[in-house]
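Participant: data10.txt is reproduced in full below (compact mmCIF, C-alpha atoms).
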# COMPACT_ATOMS: atom_id res chain seq x y z
CA MET A 138 -27.54 18.74 20.31
CA ALA A 139 -23.74 19.09 20.10
CA SER A 140 -21.93 22.37 19.53
CA PRO A 141 -20.82 23.20 15.96
CA GLU A 142 -17.21 22.34 16.86
CA ILE A 143 -18.10 18.90 18.24
CA GLU A 144 -20.40 18.29 15.28
CA ALA A 145 -17.56 19.25 12.89
CA LEU A 146 -15.26 16.76 14.65
CA THR A 147 -17.91 14.06 14.32
CA GLN A 148 -18.36 14.85 10.62
CA ALA A 149 -14.59 14.77 10.04
CA LEU A 150 -14.25 11.37 11.74
CA SER A 151 -17.23 9.95 9.84
CA ARG A 152 -15.34 10.55 6.56
CA LEU A 153 -12.55 8.20 7.63
CA PRO A 154 -12.58 4.59 6.35
CA GLY A 155 -14.32 2.27 8.78
CA PHE A 156 -16.24 5.10 10.45
CA GLY A 157 -19.88 5.86 9.86
CA PRO A 158 -21.91 8.54 11.63
CA ARG A 159 -22.66 6.33 14.65
CA SER A 160 -19.11 5.05 15.17
CA ALA A 161 -17.80 8.62 14.72
CA ARG A 162 -20.17 9.84 17.47
CA ARG A 163 -19.00 7.05 19.77
CA ALA A 164 -15.37 7.92 19.08
CA VAL A 165 -16.00 11.63 19.75
CA LEU A 166 -17.78 10.83 23.01
CA HIS A 167 -14.83 8.66 24.07
CA LEU A 168 -12.35 11.40 23.16
CA LEU A 169 -14.30 14.00 25.11
CA LYS A 170 -14.76 11.74 28.12
CA LYS A 171 -11.03 10.86 28.27
CA ARG A 172 -9.66 14.21 27.17
CA GLU A 173 -6.30 14.07 28.97
CA THR A 174 -5.47 10.47 28.01
CA THR A 175 -6.90 10.31 24.46
CA LEU A 176 -7.94 13.65 22.97
CA ASP A 177 -4.87 15.72 23.85
CA PRO A 178 -2.33 13.06 22.75
CA LEU A 179 -4.31 12.52 19.54
CA LEU A 180 -4.28 16.25 18.78
CA ALA A 181 -0.54 16.45 19.44
CA ALA A 182 0.16 13.43 17.21
CA LEU A 183 -2.04 14.77 14.39
CA SER A 184 -0.38 18.18 14.59
CA ALA A 185 3.13 16.70 14.49
CA VAL A 186 2.33 14.48 11.51
CA SER A 187 0.54 17.28 9.69
CA GLN A 188 3.57 19.57 10.01
CA LYS A 189 6.16 16.98 8.94
CA LEU A 190 4.25 14.80 6.47
CA THR A 191 6.07 14.27 3.17
CA THR A 192 6.37 11.80 0.30
CA CYS A 193 9.64 9.93 -0.09
CA HIS A 194 11.32 11.03 -3.33
CA ILE A 195 12.84 7.57 -3.77
CA CYS A 196 10.00 5.09 -3.25
CA GLY A 197 6.82 7.17 -2.91
CA ASN A 198 6.12 6.12 0.68
CA VAL A 199 4.44 8.61 3.04
CA ASP A 200 6.52 9.45 6.10
CA THR A 201 7.72 12.35 8.19
CA TYR A 202 11.22 12.07 6.70
CA ASP A 203 12.57 12.14 3.15
CA PRO A 204 13.99 9.64 2.40
CA CYS A 205 11.58 7.53 4.42
CA ALA A 206 12.64 5.14 7.19
CA ILE A 207 12.54 2.16 4.81
CA CYS A 208 14.76 3.81 2.16
CA ALA A 209 17.15 5.08 4.85
CA ASP A 210 17.53 1.62 6.42
CA PRO A 211 21.02 0.31 5.49
CA ARG A 212 20.01 -3.27 6.36
CA ARG A 213 17.66 -3.48 3.37
CA ASP A 214 18.70 -5.50 0.31
CA ASP A 215 19.27 -3.00 -2.52
CA ARG A 216 19.14 -5.75 -5.15
CA SER A 217 15.45 -6.58 -4.57
CA LEU A 218 12.66 -4.13 -5.34
CA CYS A 219 8.99 -4.75 -4.56
CA VAL A 220 6.49 -2.70 -6.59
CA VAL A 221 3.11 -2.00 -5.00
CA GLU A 222 0.04 -0.01 -5.98
CA GLU A 223 -0.48 2.07 -2.85
CA VAL A 224 1.28 3.06 0.38
CA ALA A 225 -1.15 0.81 2.31
CA ASP A 226 0.20 -2.18 0.36
CA LEU A 227 3.79 -1.21 1.23
CA TRP A 228 2.88 -0.89 4.91
CA ALA A 229 1.13 -4.29 4.89
CA LEU A 230 4.14 -6.04 3.33
CA ASP A 231 6.62 -4.24 5.57
CA ARG A 232 4.57 -5.04 8.68
CA ALA A 233 4.79 -8.75 7.80
CA ARG A 234 8.62 -8.42 7.73
CA LEU A 235 8.86 -11.01 4.97
CA PHE A 236 10.45 -8.87 2.25
CA PRO A 237 14.00 -7.68 3.03
CA GLY A 238 14.43 -5.42 -0.01
CA ARG A 239 13.34 -1.97 -1.12
CA PHE A 240 9.91 -0.77 -2.25
CA HIS A 241 8.41 1.35 -5.00
CA VAL A 242 4.86 2.79 -4.78
CA LEU A 243 3.13 3.39 -8.11
CA GLY A 244 0.40 5.55 -6.60
CA GLY A 245 -2.49 3.57 -8.05
CA LYS A 246 -3.30 1.15 -10.84
CA LEU A 247 -4.07 1.48 -14.52
CA SER A 248 -7.79 1.88 -15.10
CA ALA A 249 -9.41 2.88 -18.39
CA LEU A 250 -12.76 3.39 -16.63
CA ASP A 251 -11.27 5.81 -14.11
CA GLY A 252 -9.01 7.48 -16.67
CA VAL A 253 -5.76 6.39 -14.96
CA ARG A 254 -3.05 6.18 -17.61
CA PRO A 255 0.60 5.05 -17.31
CA GLU A 256 1.79 8.66 -17.11
CA ASP A 257 -0.47 9.20 -14.08
CA LEU A 258 1.50 6.61 -12.10
CA ARG A 259 5.13 6.48 -10.95
CA ILE A 260 6.05 3.94 -13.64
CA ASP A 261 8.65 6.18 -15.33
CA ALA A 262 10.33 6.70 -11.94
CA LEU A 263 10.44 2.91 -11.52
CA VAL A 264 12.03 2.46 -14.95
CA ARG A 265 14.66 5.09 -14.08
CA ARG A 266 15.35 3.34 -10.76
CA VAL A 267 15.87 -0.01 -12.45
CA GLY A 268 17.87 1.63 -15.24
CA ALA A 269 20.30 3.09 -12.70
CA GLY A 270 21.49 -0.48 -12.03
CA GLY A 271 22.11 -2.55 -8.94
CA ILE A 272 18.71 -4.28 -8.98
CA ASP A 273 18.56 -8.02 -9.70
CA GLU A 274 14.85 -8.70 -9.08
CA VAL A 275 11.63 -6.70 -9.28
CA VAL A 276 8.68 -8.27 -7.47
CA LEU A 277 5.30 -7.10 -8.77
CA ALA A 278 3.00 -7.13 -5.75
CA MET A 279 -0.19 -5.92 -7.40
CA ASN A 280 -3.65 -6.71 -6.13
CA ALA A 281 -5.38 -9.71 -7.70
CA THR A 282 -7.87 -7.55 -9.60
CA LEU A 283 -8.24 -7.02 -13.33
CA GLU A 284 -6.70 -3.54 -13.02
CA GLY A 285 -3.91 -4.81 -10.78
CA GLN A 286 -2.99 -7.58 -13.19
CA THR A 287 -3.18 -5.18 -16.16
CA THR A 288 -0.79 -2.85 -14.31
CA ALA A 289 1.58 -5.74 -13.53
CA HIS A 290 1.59 -6.79 -17.17
CA TYR A 291 2.29 -3.24 -18.37
CA VAL A 292 5.10 -2.75 -15.84
CA SER A 293 6.70 -6.08 -16.77
CA GLU A 294 6.67 -5.03 -20.44
CA ARG A 295 8.36 -1.74 -19.56
CA LEU A 296 11.08 -3.65 -17.67
CA GLU A 297 11.77 -6.24 -20.40
CA ALA A 298 14.79 -4.32 -21.69
CA PHE A 299 16.69 -4.69 -18.41
CA PRO A 300 18.74 -7.76 -17.40
CA ILE A 301 16.68 -8.41 -14.27
CA ARG A 302 14.30 -11.05 -13.04
CA VAL A 303 10.68 -9.87 -12.86
CA THR A 304 8.47 -11.95 -10.57
CA GLN A 305 4.92 -11.68 -9.31
CA LEU A 306 3.25 -12.64 -6.06
CA ALA A 307 1.52 -16.00 -6.19
CA HIS A 308 -2.26 -15.99 -6.22
CA GLY A 309 -4.56 -18.80 -5.28
CA LEU A 310 -5.70 -20.66 -2.21
CA PRO A 311 -5.46 -18.74 1.05
CA VAL A 312 -3.98 -20.51 4.06
CA GLY A 313 -6.86 -22.04 5.99
CA GLY A 314 -9.26 -21.60 3.07
CA GLU A 315 -11.80 -24.26 2.14
CA LEU A 316 -12.42 -25.02 -1.53
CA ASP A 317 -16.18 -24.89 -1.12
CA TYR A 318 -16.06 -21.21 -0.08
CA LEU A 319 -13.67 -19.91 -2.77
CA ASP A 320 -14.76 -18.07 -5.89
CA GLU A 321 -14.08 -19.47 -9.35
CA GLY A 322 -11.36 -16.90 -10.13
CA THR A 323 -9.35 -17.88 -7.05
CA LEU A 324 -9.75 -21.59 -7.84
CA ALA A 325 -8.72 -21.05 -11.47
CA GLN A 326 -5.60 -19.13 -10.44
CA ALA A 327 -4.69 -21.79 -7.87
CA LEU A 328 -4.95 -24.50 -10.54
CA ARG A 329 -2.86 -22.49 -13.03
CA ALA A 330 -0.15 -21.87 -10.38
CA ARG A 331 0.04 -25.48 -9.19
CA ARG A 332 3.50 -26.91 -8.52
CA PRO A 333 5.03 -30.33 -7.82
CA VAL A 334 4.72 -31.73 -4.31
CA ALA A 335 8.12 -31.54 -2.63
Please re-express this file's structure in structure tokens.

Facilitator:
Amino acid sequence: MASPEIEALTQALSRLPGFGPRSARRAVLHLLKKRETTLDPLLAALSAVSQKLTTCHICGNVDTYDPCAICADPRRDDRSLCVVEEVADLWALDRARLFPGRFHVLGGKLSALDGVRPEDLRIDALVRRVGAGGIDEVVLAMNATLEGQTTAHYVSERLEAFPIRVTQLAHGLPVGGELDYLDEGTLAQALRARRPVA
């Protein structure tokens, strides 16, 4: 039986995504076994992040600086703005290094079942950002769910008054996907978004 402190660490890790009770125990055992090379650096990193963690007042990203590293980067294209649901989506797109512009995190998606209304999201902040000028295109990078598409539709309606181009990520066939394994929704979207062969 582990001490209460070790058990508390195991319980804390088991609440993280991707960790269950067994994987949390394995992680704790590894941390304890390699204390100097894993546990101590992990504690130092967690402490540093915990003390400095903040939300960027411009885009809504989570970072240790405000404005965040993305908003402070002068190489970014100020004319393009990519709107995402969550910080994880921003990080995924930024990691791919395919979008050279700026980002805006809504902080969720509209959901009548969960009681998430437009005023619960950072939609008004987005409208103010676009209204300040200097943006030519807003890319709506919402998840391909009913709530994500509802959110994209609502945001596009809110931005109709501005002289900007509003685009949306393409949905459909994944690279390397086989038709036989795709669901009907993905196939339907791929057919609707078909384009001429170049």

Participant: For His308 in chain A, which of A:Gly322, A:Arg295, A:Leu179, A:Arg266 is the closest residue, counting all atoms listed in the file?

Facilitator: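 Checking each of A:Gly322, A:Arg295, A:Leu179, A:Arg266 against His308 in chain A, counting all atoms listed in the file, the winner is A:Gly322.
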
Participant: Any idea what's packed within 7 Å of range 203-208 of chain A, counting all atoms listed in the file, ignoring anything in its chain fewer than 6 positions away? Could you give it as a PDB file with C-alpha atoms, in the frame of the given file?

Facilitator:
ATOM      1  CA  THR A 191       6.070  14.270   3.170  1.00  0.00           C
ATOM      2  CA  THR A 192       6.370  11.800   0.300  1.00  0.00           C
ATOM      3  CA  CYS A 193       9.640   9.930  -0.090  1.00  0.00           C
ATOM      4  CA  HIS A 194      11.320  11.030  -3.330  1.00  0.00           C
ATOM      5  CA  ILE A 195      12.840   7.570  -3.770  1.00  0.00           C
ATOM      6  CA  ARG A 239      13.340  -1.970  -1.120  1.00  0.00           C
TER       7      ARG A 239
END

Participant: Hey, can you pull every residue with an atom no more than 8 Å from (1.9, -5.6, -7.7), using all atoms listed in the file, and send it as a PDB file with C-alpha atoms, in the frame of the given file?

Facilitator:
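Ended up saving to selection_16.pdb:
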ATOM      1  CA  CYS A 219       8.990  -4.750  -4.560  1.00  0.00           C
ATOM      2  CA  VAL A 220       6.490  -2.700  -6.590  1.00  0.00           C
ATOM      3  CA  VAL A 221       3.110  -2.000  -5.000  1.00  0.00           C
ATOM      4  CA  GLU A 222       0.040  -0.010  -5.980  1.00  0.00           C
ATOM      5  CA  VAL A 276       8.680  -8.270  -7.470  1.00  0.00           C
ATOM      6  CA  LEU A 277       5.300  -7.100  -8.770  1.00  0.00           C
ATOM      7  CA  ALA A 278       3.000  -7.130  -5.750  1.00  0.00           C
ATOM      8  CA  MET A 279      -0.190  -5.920  -7.400  1.00  0.00           C
ATOM      9  CA  ASN A 280      -3.650  -6.710  -6.130  1.00  0.00           C
ATOM     10  CA  GLY A 285      -3.910  -4.810 -10.780  1.00  0.00           C
ATOM     11  CA  GLN A 286      -2.990  -7.580 -13.190  1.00  0.00           C
ATOM     12  CA  THR A 288      -0.790  -2.850 -14.310  1.00  0.00           C
ATOM     13  CA  ALA A 289       1.580  -5.740 -13.530  1.00  0.00           C
ATOM     14  CA  GLN A 305       4.920 -11.680  -9.310  1.00  0.00           C
ATOM     15  CA  LEU A 306       3.250 -12.640  -6.060  1.00  0.00           C
TER      16      LEU A 306
END

Participant: As an exercise, work out the distance from CA of Leu146 in chain A to CA of Leu183 in chain A in Å and give it to one decimal place.

Facilitator: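 Pair CA of Leu146 in chain A / CA of Leu183 in chain A returns 13.4 Å.
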
Participant: Just to confirm, what's the straight-line distance from CA of Thr304 in chain A to CA of Arg332 in chain A in Å (one decimal)?

Facilitator: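 Separation between CA of Thr304 in chain A and CA of Arg332 in chain A: 15.9 Å.
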